[in-house]
>>> print(open('work38.txt').read())   # compact mmCIF, C-alpha atoms and all ligand atoms
# COMPACT_ATOMS: atom_id res chain seq x y z
CA MET A 56 6.86 -40.70 50.83
CA VAL A 57 8.08 -38.46 48.00
CA ASN A 58 8.15 -40.11 44.58
CA PRO A 59 11.43 -40.18 42.65
CA PRO A 60 11.58 -38.02 39.50
CA ILE A 61 10.02 -39.64 36.43
CA SER A 62 12.75 -41.60 34.64
CA ILE A 63 10.50 -43.51 32.22
CA PRO A 64 7.97 -41.25 30.49
CA LEU A 65 4.80 -42.44 28.81
CA VAL A 66 5.68 -40.84 25.46
CA LYS A 67 8.98 -39.67 24.01
CA VAL A 68 10.14 -37.93 20.84
CA ALA A 69 12.21 -40.23 18.60
CA MET A 70 14.84 -38.51 16.48
CA PRO A 71 17.20 -40.17 13.99
CA PRO A 72 20.91 -40.29 14.95
CA ARG A 73 22.49 -36.81 14.86
CA GLU A 74 25.20 -38.00 12.39
CA LEU A 75 22.48 -38.96 9.92
CA LEU A 76 20.04 -36.12 10.45
CA MET A 77 22.19 -33.02 10.81
CA PRO A 78 24.10 -33.20 7.49
CA ALA A 79 20.84 -33.99 5.67
CA LEU A 80 19.09 -31.06 7.36
CA GLU A 81 21.97 -28.67 6.70
CA SER A 82 21.98 -29.67 3.09
CA VAL A 83 18.24 -29.04 2.57
CA LEU A 84 18.17 -25.85 4.64
CA TYR A 85 20.83 -24.22 2.43
CA SER A 86 19.65 -25.81 -0.83
CA GLY A 87 17.36 -22.97 -1.79
CA MET A 88 14.56 -25.57 -2.12
CA LEU A 89 12.53 -25.48 1.08
CA ALA A 90 8.98 -25.82 -0.20
CA GLU A 91 7.28 -28.98 -1.51
CA GLY A 92 9.70 -30.60 -3.92
CA GLU A 93 11.78 -33.67 -4.72
CA HIS A 94 12.42 -34.59 -1.06
CA VAL A 95 8.66 -34.69 -0.48
CA TYR A 96 8.06 -36.94 -3.48
CA GLN A 97 10.93 -39.24 -2.45
CA PHE A 98 9.53 -39.40 1.08
CA GLU A 99 6.09 -40.30 -0.31
CA ASP A 100 7.53 -43.15 -2.38
CA GLN A 101 9.65 -44.47 0.47
CA PHE A 102 6.83 -44.25 3.01
CA ALA A 103 4.39 -46.04 0.69
CA HIS A 104 6.98 -48.74 -0.01
CA THR A 105 7.86 -49.23 3.68
CA PHE A 106 4.24 -49.49 4.84
CA GLU A 107 2.91 -51.33 1.76
CA LEU A 108 0.49 -48.56 0.83
CA PRO A 109 -0.70 -48.10 -2.75
CA HIS A 110 0.06 -44.34 -2.59
CA ALA A 111 1.14 -41.78 -0.01
CA LEU A 112 0.41 -38.06 -0.20
CA ALA A 113 2.54 -36.13 2.27
CA MET A 114 0.58 -33.51 4.18
CA SER A 115 1.32 -30.77 6.72
CA SER A 116 -0.40 -32.79 9.50
CA GLY A 117 -2.60 -35.77 10.20
CA THR A 118 -5.43 -33.31 10.83
CA ALA A 119 -5.01 -31.84 7.34
CA ALA A 120 -5.02 -35.36 5.92
CA LEU A 121 -8.26 -36.17 7.79
CA HIS A 122 -9.93 -33.00 6.54
CA VAL A 123 -9.05 -33.83 2.94
CA ALA A 124 -10.14 -37.47 3.43
CA LEU A 125 -13.59 -36.30 4.59
CA LEU A 126 -13.90 -33.94 1.61
CA LEU A 127 -12.87 -36.65 -0.84
CA ALA A 128 -15.28 -39.08 0.82
CA GLY A 129 -18.00 -36.64 -0.20
CA VAL A 130 -19.03 -35.70 3.33
CA LYS A 131 -21.23 -32.61 3.02
CA PRO A 132 -22.75 -30.24 5.59
CA GLY A 133 -25.55 -32.04 7.44
CA ASP A 134 -24.27 -35.54 6.62
CA GLU A 135 -23.70 -37.93 9.51
CA VAL A 136 -20.31 -39.50 10.15
CA ILE A 137 -20.16 -42.42 12.55
CA THR A 138 -17.08 -42.07 14.69
CA THR A 139 -15.51 -42.74 18.08
CA SER A 140 -15.23 -40.42 21.04
CA MET A 141 -12.26 -42.41 22.39
CA THR A 142 -9.59 -40.62 20.39
CA ALA A 143 -7.61 -37.40 20.06
CA GLU A 144 -9.81 -34.42 19.24
CA PRO A 145 -8.77 -33.92 15.56
CA THR A 146 -10.59 -37.13 14.60
CA ASN A 147 -13.80 -35.31 15.39
CA THR A 148 -13.05 -31.59 15.03
CA THR A 149 -12.43 -32.26 11.31
CA ILE A 150 -15.94 -33.72 11.07
CA LEU A 151 -17.28 -30.43 12.43
CA GLN A 152 -14.94 -28.56 10.07
CA VAL A 153 -16.77 -30.00 7.04
CA GLY A 154 -20.14 -29.16 8.60
CA ALA A 155 -21.08 -32.78 9.27
CA VAL A 156 -22.61 -34.36 12.37
CA PRO A 157 -20.42 -36.70 14.44
CA VAL A 158 -22.45 -39.71 15.58
CA PHE A 159 -20.58 -41.36 18.44
CA ALA A 160 -20.84 -45.14 18.38
CA ASP A 161 -19.87 -47.07 21.49
CA VAL A 162 -16.54 -48.86 21.79
CA GLU A 163 -15.34 -52.32 22.72
CA VAL A 164 -14.90 -52.46 26.47
CA ASP A 165 -11.67 -54.47 26.09
CA ASN A 166 -9.71 -52.08 23.84
CA GLY A 167 -11.55 -48.79 23.27
CA ASN A 168 -12.01 -49.33 19.51
CA LEU A 169 -15.31 -48.85 17.68
CA ASP A 170 -17.77 -51.66 18.37
CA PRO A 171 -19.11 -52.74 14.96
CA ALA A 172 -22.51 -53.67 16.45
CA SER A 173 -22.90 -50.16 17.83
CA VAL A 174 -21.72 -48.68 14.51
CA GLU A 175 -24.40 -50.67 12.68
CA ALA A 176 -27.06 -49.45 15.10
CA CYS A 177 -26.02 -45.83 14.37
CA ILE A 178 -26.48 -46.08 10.59
CA SER A 179 -29.23 -43.81 9.25
CA PRO A 180 -30.25 -42.56 5.80
CA ARG A 181 -28.01 -39.51 6.44
CA THR A 182 -24.87 -41.53 7.22
CA ARG A 183 -22.12 -40.90 4.70
CA ALA A 184 -18.96 -42.30 6.30
CA ILE A 185 -17.42 -44.21 9.19
CA VAL A 186 -14.21 -42.94 10.76
CA VAL A 187 -12.35 -45.68 12.59
CA VAL A 188 -9.40 -45.05 14.92
CA HIS A 189 -6.96 -47.82 15.81
CA TYR A 190 -6.77 -46.55 19.34
CA ALA A 191 -3.29 -46.59 20.94
CA GLY A 192 -2.07 -48.72 18.00
CA TYR A 193 -4.50 -51.66 18.40
CA PRO A 194 -6.31 -52.32 15.09
CA ALA A 195 -10.09 -52.13 15.18
CA GLN A 196 -12.23 -54.88 13.63
CA LEU A 197 -11.54 -53.80 10.08
CA ASP A 198 -13.06 -56.86 8.40
CA VAL A 199 -16.47 -56.32 9.99
CA LEU A 200 -16.36 -52.55 9.51
CA ARG A 201 -15.34 -52.93 5.85
CA SER A 202 -18.25 -55.24 5.10
CA LEU A 203 -20.63 -52.99 7.03
CA ALA A 204 -19.49 -49.99 4.96
CA ASP A 205 -19.85 -51.97 1.72
CA ARG A 206 -23.30 -53.27 2.61
CA HIS A 207 -24.58 -49.77 3.37
CA GLY A 208 -22.69 -47.88 0.66
CA LEU A 209 -20.60 -45.90 3.19
CA MET A 210 -17.05 -44.61 2.97
CA LEU A 211 -14.61 -46.07 5.51
CA ILE A 212 -11.87 -43.72 6.70
CA GLU A 213 -9.06 -45.18 8.80
CA ASP A 214 -7.41 -42.82 11.28
CA CYS A 215 -4.08 -44.61 11.69
CA ALA A 216 -2.43 -41.79 13.67
CA HIS A 217 -1.60 -44.21 16.52
CA ALA A 218 -1.07 -47.33 14.47
CA LEU A 219 1.92 -47.00 12.16
CA GLY A 220 3.12 -50.53 11.37
CA ALA A 221 0.03 -52.32 12.73
CA ARG A 222 -1.72 -54.97 10.63
CA PHE A 223 -5.12 -56.61 10.42
CA GLY A 224 -5.52 -60.07 8.87
CA GLY A 225 -1.98 -59.73 7.52
CA GLN A 226 -2.77 -56.46 5.73
CA PRO A 227 -1.20 -53.17 6.83
CA VAL A 228 -3.63 -50.74 8.45
CA GLY A 229 -4.48 -47.97 6.04
CA THR A 230 -5.12 -50.35 3.12
CA ILE A 231 -8.61 -51.52 4.09
CA GLY A 232 -10.42 -48.18 4.32
CA ASP A 233 -11.34 -46.10 1.27
CA PHE A 234 -9.09 -43.42 2.75
CA ALA A 235 -6.56 -43.51 5.57
CA ILE A 236 -4.33 -41.06 7.37
CA PHE A 237 -1.12 -41.21 9.38
CA SER A 238 0.31 -38.55 11.70
CA PHE A 239 3.95 -37.52 12.22
CA GLN A 240 3.23 -35.16 15.11
CA ALA A 241 6.01 -34.94 17.70
CA ILE A 242 5.20 -37.90 19.97
CA LYS A 243 3.97 -40.43 17.41
CA HIS A 244 5.98 -43.56 16.52
CA MET A 245 7.62 -41.42 13.85
CA THR A 246 7.78 -37.64 13.65
CA THR A 247 8.64 -35.06 11.01
CA VAL A 248 8.08 -32.38 13.73
CA ASP A 249 4.59 -32.10 12.26
CA GLY A 250 3.25 -33.85 9.20
CA GLY A 251 1.00 -36.58 7.94
CA VAL A 252 0.16 -38.89 5.09
CA LEU A 253 -3.09 -39.41 3.23
CA THR A 254 -3.60 -42.63 1.32
CA MET A 255 -6.56 -43.95 -0.66
CA ARG A 256 -7.71 -47.02 -2.53
CA ASP A 257 -8.91 -45.24 -5.65
CA ALA A 258 -5.93 -43.79 -7.53
CA SER A 259 -8.25 -41.74 -9.73
CA ARG A 260 -8.78 -39.38 -6.74
CA LEU A 261 -5.09 -38.56 -6.33
CA ALA A 262 -5.02 -35.52 -8.61
CA GLU A 263 -7.99 -34.01 -6.76
CA ALA A 264 -6.31 -34.73 -3.43
CA ARG A 265 -3.13 -33.00 -4.61
CA ARG A 266 -5.14 -29.96 -5.66
CA LEU A 267 -6.91 -29.84 -2.30
CA ARG A 268 -3.58 -29.84 -0.47
CA TRP A 269 -2.28 -26.88 -2.47
CA PHE A 270 -4.90 -24.11 -2.74
CA GLY A 271 -6.78 -25.91 -5.54
CA LEU A 272 -3.83 -25.44 -7.90
CA THR A 273 -2.23 -28.14 -10.04
CA LYS A 274 1.55 -28.44 -9.60
CA GLY A 275 3.50 -28.33 -12.82
CA VAL A 276 1.06 -26.06 -14.69
CA PRO A 277 2.59 -22.55 -15.03
CA ARG A 278 1.20 -20.26 -12.31
CA THR A 279 0.10 -17.78 -14.99
CA GLU A 280 -2.05 -20.40 -16.74
CA VAL A 281 -3.40 -22.59 -13.97
CA ASP A 282 -7.09 -22.26 -13.11
CA ILE A 283 -8.59 -22.90 -9.67
CA LYS A 284 -12.02 -24.54 -10.01
CA THR A 285 -12.48 -25.52 -6.36
CA PRO A 286 -10.65 -23.86 -3.48
CA GLY A 287 -8.06 -25.95 -1.69
CA TYR A 288 -5.87 -25.50 1.38
CA LYS A 289 -2.24 -24.97 2.35
CA TYR A 290 -1.80 -28.55 3.50
CA ASN A 291 1.38 -29.67 1.74
CA MET A 292 4.47 -31.07 3.44
CA HIS A 293 7.69 -29.11 2.82
CA ASN A 294 11.16 -30.40 1.94
CA VAL A 295 12.59 -29.89 5.44
CA ALA A 296 9.95 -32.11 7.07
CA ALA A 297 10.38 -34.63 4.25
CA VAL A 298 14.15 -34.85 4.86
CA ILE A 299 13.46 -35.60 8.53
CA GLY A 300 10.91 -38.18 7.40
CA LYS A 301 13.38 -39.89 5.07
CA CYS A 302 15.96 -40.10 7.88
CA GLN A 303 13.27 -41.48 10.23
CA LEU A 304 12.37 -44.23 7.76
CA ALA A 305 15.93 -45.57 7.98
CA GLY A 306 15.31 -46.62 11.60
CA ILE A 307 11.56 -47.11 11.72
CA GLY A 308 11.62 -50.93 11.42
CA GLU A 309 13.85 -51.29 14.50
CA LEU A 310 11.84 -48.69 16.45
CA LEU A 311 8.51 -50.36 15.70
CA SER A 312 9.84 -53.77 16.62
CA ARG A 313 10.83 -52.43 20.06
CA HIS A 314 7.30 -51.13 20.68
CA ILE A 315 5.85 -54.45 19.51
CA ASP A 316 8.29 -56.57 21.53
CA ASN A 317 7.49 -54.60 24.71
CA GLY A 318 3.75 -54.80 24.01
CA ARG A 319 3.86 -58.56 23.56
CA TYR A 320 5.96 -58.95 26.69
CA TYR A 321 3.35 -57.08 28.74
CA ASP A 322 0.50 -59.04 27.12
CA ALA A 323 2.04 -62.22 28.50
CA ALA A 324 3.47 -60.90 31.77
CA LEU A 325 0.44 -58.91 32.96
CA ALA A 326 -2.20 -61.53 32.24
CA GLY A 327 -3.41 -63.16 35.41
CA ILE A 328 -2.46 -60.37 37.84
CA PRO A 329 -5.58 -59.81 39.98
CA GLY A 330 -7.29 -56.48 39.23
CA LEU A 331 -5.41 -55.97 35.95
CA ALA A 332 -6.18 -56.99 32.37
CA PRO A 333 -4.20 -56.25 29.20
CA ALA A 334 -6.34 -54.92 26.33
CA ARG A 335 -7.83 -57.77 24.31
CA PHE A 336 -8.11 -57.67 20.54
CA ALA A 337 -9.21 -59.78 17.57
CA ALA A 338 -6.98 -62.70 16.54
CA GLU A 339 -6.46 -60.98 13.15
CA ALA A 340 -5.11 -57.80 14.78
CA GLN A 341 -1.38 -57.17 15.13
CA PRO A 342 -1.02 -53.98 17.20
CA SER A 343 1.99 -51.67 16.94
CA TYR A 344 1.55 -50.58 20.58
CA TRP A 345 2.06 -46.83 20.30
CA LEU A 346 0.81 -46.86 23.90
CA TYR A 347 0.20 -49.92 26.01
CA THR A 348 -3.45 -50.18 27.07
CA LEU A 349 -3.89 -51.71 30.50
CA LEU A 350 -7.29 -52.01 32.16
CA ALA A 351 -7.36 -51.86 35.94
CA ASP A 352 -10.02 -52.12 38.62
CA ASP A 353 -8.28 -49.12 40.19
CA SER A 354 -6.41 -47.14 37.50
CA ASP A 355 -5.37 -44.41 39.98
CA ALA A 356 -3.66 -47.05 42.11
CA VAL A 357 -1.67 -48.20 39.05
CA GLU A 358 -0.55 -44.60 38.41
CA ARG A 359 0.53 -44.24 42.04
CA CYS A 360 2.27 -47.61 42.11
CA LEU A 361 4.35 -46.76 39.02
CA ALA A 362 5.01 -43.15 40.05
CA ALA A 363 6.62 -44.61 43.19
CA ILE A 364 9.31 -46.20 40.97
CA GLY A 365 9.70 -43.18 38.66
CA VAL A 366 7.49 -44.49 35.85
CA MET A 367 4.73 -42.44 34.30
CA ALA A 368 1.35 -44.05 33.65
CA SER A 369 -1.91 -42.30 32.83
CA LYS A 370 -4.94 -41.97 30.60
CA LEU A 371 -3.78 -39.86 27.67
CA HIS A 372 -6.88 -38.65 25.85
CA ARG A 373 -10.16 -37.16 26.95
CA PRO A 374 -13.22 -38.80 25.41
CA ASN A 375 -14.24 -36.14 22.92
CA HIS A 376 -17.89 -35.98 23.94
CA TYR A 377 -16.78 -34.53 27.29
CA HIS A 378 -15.85 -31.31 25.43
CA SER A 379 -18.51 -28.60 25.27
CA VAL A 380 -18.19 -28.40 21.49
CA PHE A 381 -19.40 -32.01 21.20
CA GLU A 382 -22.13 -31.67 23.82
CA PRO A 383 -24.96 -31.66 21.24
CA PHE A 384 -23.75 -35.08 20.03
CA ARG A 385 -23.52 -36.81 23.42
CA ARG A 386 -25.32 -40.13 23.67
CA PRO A 387 -25.08 -43.05 26.08
CA MET A 388 -21.87 -45.05 25.67
CA PRO A 389 -21.78 -47.46 28.59
CA ALA A 390 -18.86 -49.51 27.26
CA LEU A 391 -16.79 -46.36 26.71
CA ASP A 392 -17.55 -45.19 30.25
CA ARG A 393 -16.38 -48.51 31.65
CA PHE A 394 -13.31 -48.65 29.38
CA TYR A 395 -12.25 -45.10 30.26
CA GLN A 396 -12.70 -45.64 33.97
CA ARG A 397 -10.43 -48.72 33.88
CA LEU A 398 -7.91 -47.33 31.36
CA VAL A 399 -4.32 -46.63 32.27
CA HIS A 400 -1.55 -46.48 29.67
CA ILE A 401 1.90 -47.68 30.71
CA PRO A 402 5.18 -46.94 28.87
CA CYS A 403 6.02 -49.48 26.17
CA GLY A 404 7.91 -47.52 23.50
CA TRP A 405 11.44 -47.85 22.14
CA TRP A 406 12.89 -46.18 25.26
CA VAL A 407 11.68 -48.99 27.56
CA ASN A 408 14.40 -51.64 27.82
CA PRO A 409 14.02 -55.22 29.07
CA SER A 410 15.07 -54.39 32.63
CA ASP A 411 12.69 -51.39 32.74
CA ARG A 412 9.75 -53.50 31.67
CA GLU A 413 10.59 -56.23 34.18
CA ARG A 414 10.72 -53.59 36.92
CA ILE A 415 7.32 -52.27 35.80
CA VAL A 416 5.76 -55.74 35.84
CA ASP A 417 7.31 -56.51 39.25
CA ALA A 418 5.89 -53.30 40.72
CA LEU A 419 2.43 -54.06 39.31
CA ARG A 420 2.57 -57.62 40.59
CA ARG A 421 3.44 -56.39 44.10
CA GLY A 422 0.55 -53.89 43.78
C1 LIG A 501 -6.10 -40.34 16.69
C2 LIG A 501 -5.51 -39.10 16.10
N1 LIG A 501 -6.02 -38.64 14.95
C3 LIG A 501 -5.54 -37.55 14.35
C4 LIG A 501 -4.48 -36.85 14.89
C5 LIG A 501 -4.02 -35.61 14.20
O1 LIG A 501 -2.69 -35.68 13.81
P1 LIG A 501 -1.79 -34.37 13.75
O2 LIG A 501 -1.43 -33.98 15.14
O3 LIG A 501 -0.62 -34.82 12.92
O4 LIG A 501 -2.56 -33.31 13.06
C6 LIG A 501 -3.90 -37.30 16.09
C7 LIG A 501 -2.74 -36.66 16.73
O5 LIG A 501 -2.62 -35.61 17.17
C8 LIG A 501 -4.43 -38.45 16.72
O6 LIG A 501 -3.93 -38.91 17.87
>>> encode(input="work38.txt", output="C-alpha cells")
Amino acid sequence: MVNPPISIPLVKVAMPPRELLMPALESVLYSGMLAEGEHVYQFEDQFAHTFELPHALAMSSGTAALHVALLLAGVKPGDEVITTSMTAEPTNTTILQVGAVPVFADVEVDNGNLDPASVEACISPRTRAIVVVHYAGYPAQLDVLRSLADRHGLMLIEDCAHALGARFGGQPVGTIGDFAIFSFQAIKHMTTVDGGVLTMRDASRLAEARRLRWFGLTKGVPRTEVDIKTPGYKYNMHNVAAVIGKCQLAGIGELLSRHIDNGRYYDAALAGIPGLAPARFAAEAQPSYWLYTLLADDSDAVERCLAAIGVMASKLHRPNHYHSVFEPFRRPMPALDRFYQRLVHIPCGWWVNPSDRERIVDALRRG
C-alpha cells in the first residue's frame, strides 16, 4: 500500500502573522539601521523579561552563544568538558572549537538526558565544565547537576536550544547553570531565521561577553580610540533578526502552551499502550516539548504506522559519538544505546490540533 503524502510534519517553521511581521520588517529594512542596534537591545530586554532571565545577550546563533559560554567558563585547550552525545552536533563541535576534550557521560534511559551518576563518574582533575542539554525540551536533573558542579568547582553550562519555556523546580531553564544558551534556528520553538541568546548568572562577565561577540571591541567607544586586548568574533545579532524576534515574542506564550498541551495529552494517552512508553522525567521538570519523545520496542514500526496516516515520526539527531570527528572520545554508553534504539519522536508542536493528536493516538493504539 502506498502511504498518503505527509500532512503532519515532525517540525515546522513558526512565523508571526504577516500583518504584524511585514510592516515591521519593511520599516527596519529601509531604516538605514541594519546592524546591531536599538532593536537588538529591545529584543534582549523583552526576551529576558519573558523568560525570567537575569540578562540576555543576543547572538548570531546558538552555536556562537555556546562558543562564547565555553570561553567565559574558562575552558582551555586540553581541559575536559563532560557532555552528552545525545544532542545536535554544535553542543560538542564547540567543545572541539576551544581545543577541549569532550567526555561523553551516559544518559538516562527514559529521556536521553545526562545521567548525573555517570557525570560524576566522569569527573577528573582535568574537568573544567559540564554541558547539559535539555534534550527535546525535557529538563535534565538540574538540581543534582548544579550541586555536583558546586561540589567539584565546575562550571555548569545549560544548552537550552530545545527547551525554551521549560522549567525545573519552578525555575526557568537557563537560570540554574553558570551560563546558558538558547537557539532561534529555523525549526526551534521560536526563530529569528538564525540567532541565539547567551545568558549568565554573573553580571560582571557581561562586558567581556559583549566584547567577545564583536571582534573584541567595546561598543560605544569611538572606533578610532578603542583598543582590542583579546580577539573576539563576529557573533552579534543584527536589527533585522531582532525585529523578527520581537514579533515572535508577541505570540510565544500561546505557541509554547500548544506544545505543552499536546505533550501532556500524549503523556496521559500513550501510557499503558503495550510496547510504547512516553519519556519519563523528574517530578520537578516541566518540559516544553519541542519534540515529543516516545520510546518503543519497535521504533521502525511506529514510523511505519504513522506514515500510513500521513504523519511523520522519526529519530531526529545522530548521537554525536557516531561521527568520525568524535571517534577518539567514544566510550561505552549502554543507556544511550538502549534509549536511541527505542527512540521515535512524534509531532507535538503548535501545528498539531486536538483531532490530529487523537488520530495519532488511535493509530498507535491499533498498532
Ligand atoms: C541542542 C542544540 N544545541 C545547540 C544548537 C545550535 O543552535 P544554532 O543552530 O542556533 O546555532 C542546536 C541547534 O541547531 C541544538 O539543537
>>> atom_distance(input="work38.txt", atom1="atom CA of A:Glu74", atom2="atom CA of A:Ala90")
23.9 Å
>>> residues_near_ligand(input="work38.txt", ligand="ligand LIG 501 (chain A)", cutoff="9 Å", atoms="only C-alpha atoms and all ligand atoms", output="JSON, numbers by chain")
{"A": [114, 115, 116, 117, 118, 119, 120, 121, 141, 142, 143, 144, 145, 146, 147, 188, 189, 190, 191, 214, 215, 216, 217, 218, 236, 237, 238, 239, 240, 241, 242, 243, 246, 249, 250, 251, 252, 372]}
>>> residues_around(input="work38.txt", residues="stretch 274-286 of chain A", least_positions_apart="2", cutoff="10 Å", atoms="all atoms listed in the file", output="list in words")
Glu91, Ala262, Glu263, Arg265, Arg266, Leu267, Arg268, Trp269, Phe270, Gly271, Leu272 and Tyr288 of chain A
>>> closest_atom_pairs(input="work38.txt", of="stretch 178-268 of chain A", to="stretch 124-130 of chain A", cutoff="8 Å", atoms="all atoms listed in the file", output="JSON lines")
{"residue": "A:Arg183", "atom": "CA", "partner": "A:Val130", "partner_atom": "CA", "distance": 6.2}
{"residue": "A:Ala184", "atom": "CA", "partner": "A:Val130", "partner_atom": "CA", "distance": 7.2}
{"residue": "A:Met210", "atom": "CA", "partner": "A:Ala128", "partner_atom": "CA", "distance": 6.2}
{"residue": "A:Ile212", "atom": "CA", "partner": "A:Ala124", "partner_atom": "CA", "distance": 7.3}
{"residue": "A:Phe234", "atom": "CA", "partner": "A:Ala124", "partner_atom": "CA", "distance": 6.1}
{"residue": "A:Ala235", "atom": "CA", "partner": "A:Ala124", "partner_atom": "CA", "distance": 7.3}
{"residue": "A:Ile236", "atom": "CA", "partner": "A:Ala124", "partner_atom": "CA", "distance": 7.9}
{"residue": "A:Leu253", "atom": "CA", "partner": "A:Ala124", "partner_atom": "CA", "distance": 7.3}
{"residue": "A:Arg260", "atom": "CA", "partner": "A:Leu127", "partner_atom": "CA", "distance": 7.7}
{"residue": "A:Ala264", "atom": "CA", "partner": "A:Leu127", "partner_atom": "CA", "distance": 7.3}
>>> residues_around(input="work38.txt", residues="A:Val407", least_positions_apart="4", cutoff="9 Å", atoms="all atoms listed in the file", output="ChimeraX atom specification")
/A:63,313-314,317,402-403,411-412
>>> atom_distance(input="work38.txt", atom1="atom CA of A:Val156", atom2="atom CA of A:Ser173")
16.7 Å
>>> residues_around(input="work38.txt", residues="A:Thr105", least_positions_apart="5", cutoff="12 Å", atoms="all atoms listed in the file", output="count of residues only")
15
>>> closest_residue(input="work38.txt", among="A:Val295, A:Met77, A:Ile415, A:Val228", to="A:Val95", atoms="all atoms listed in the file")
A:Val295
>>> atom_distance(input="work38.txt", atom1="atom CA of A:Ala337", atom2="atom CA of A:His400")
19.5 Å
>>> build_atoms(input="work38.txt", residues="stretch 72-87 of chain A", atoms="N, CA, C and O atoms", output="tab-separated table (two decimals), in the frame of the given file")
chain	number	residue	atom	x	y	z
A	72	PRO	N	19.58	-40.64	14.42
A	72	PRO	CA	20.91	-40.29	14.95
A	72	PRO	C	21.38	-38.96	14.37
A	72	PRO	O	21.18	-38.69	13.19
A	73	ARG	N	21.99	-38.14	15.25
A	73	ARG	CA	22.49	-36.81	14.86
A	73	ARG	C	23.36	-36.88	13.59
A	73	ARG	O	23.24	-36.04	12.70
A	74	GLU	N	24.25	-37.91	13.53
A	74	GLU	CA	25.20	-38.00	12.39
A	74	GLU	C	24.45	-38.19	11.08
A	74	GLU	O	24.95	-37.83	10.02
A	75	LEU	N	23.26	-38.76	11.15
A	75	LEU	CA	22.48	-38.96	9.92
A	75	LEU	C	21.65	-37.71	9.62
A	75	LEU	O	21.60	-37.23	8.48
A	76	LEU	N	21.01	-37.19	10.67
A	76	LEU	CA	20.04	-36.12	10.45
A	76	LEU	C	20.68	-34.76	10.15
A	76	LEU	O	20.25	-34.06	9.23
A	77	MET	N	21.71	-34.40	10.91
A	77	MET	CA	22.19	-33.02	10.81
A	77	MET	C	22.78	-32.69	9.43
A	77	MET	O	22.45	-31.64	8.86
A	78	PRO	N	23.62	-33.54	8.84
A	78	PRO	CA	24.10	-33.20	7.49
A	78	PRO	C	22.96	-33.11	6.48
A	78	PRO	O	22.95	-32.23	5.60
A	79	ALA	N	21.97	-34.00	6.62
A	79	ALA	CA	20.84	-33.99	5.67
A	79	ALA	C	20.04	-32.70	5.83
A	79	ALA	O	19.63	-32.06	4.85
A	80	LEU	N	19.85	-32.29	7.10
A	80	LEU	CA	19.09	-31.06	7.36
A	80	LEU	C	19.86	-29.83	6.86
A	80	LEU	O	19.29	-28.94	6.24
A	81	GLU	N	21.17	-29.81	7.14
A	81	GLU	CA	21.97	-28.67	6.70
A	81	GLU	C	21.90	-28.55	5.19
A	81	GLU	O	21.73	-27.46	4.63
A	82	SER	N	21.99	-29.68	4.55
A	82	SER	CA	21.98	-29.67	3.09
A	82	SER	C	20.65	-29.12	2.55
A	82	SER	O	20.64	-28.26	1.66
A	83	VAL	N	19.52	-29.55	3.11
A	83	VAL	CA	18.24	-29.04	2.57
A	83	VAL	C	18.03	-27.58	2.97
A	83	VAL	O	17.53	-26.78	2.17
A	84	LEU	N	18.44	-27.22	4.19
A	84	LEU	CA	18.17	-25.85	4.64
A	84	LEU	C	18.89	-24.81	3.78
A	84	LEU	O	18.42	-23.70	3.60
A	85	TYR	N	20.07	-25.18	3.25
A	85	TYR	CA	20.83	-24.22	2.43
A	85	TYR	C	20.73	-24.55	0.94
A	85	TYR	O	21.51	-24.06	0.14
A	86	SER	N	19.77	-25.39	0.58
A	86	SER	CA	19.65	-25.81	-0.83
A	86	SER	C	18.90	-24.79	-1.67
A	86	SER	O	18.93	-24.85	-2.90
A	87	GLY	N	18.21	-23.88	-1.02
A	87	GLY	CA	17.36	-22.97	-1.79
A	87	GLY	C	16.03	-23.60	-2.19
A	87	GLY	O	15.24	-23.01	-2.92
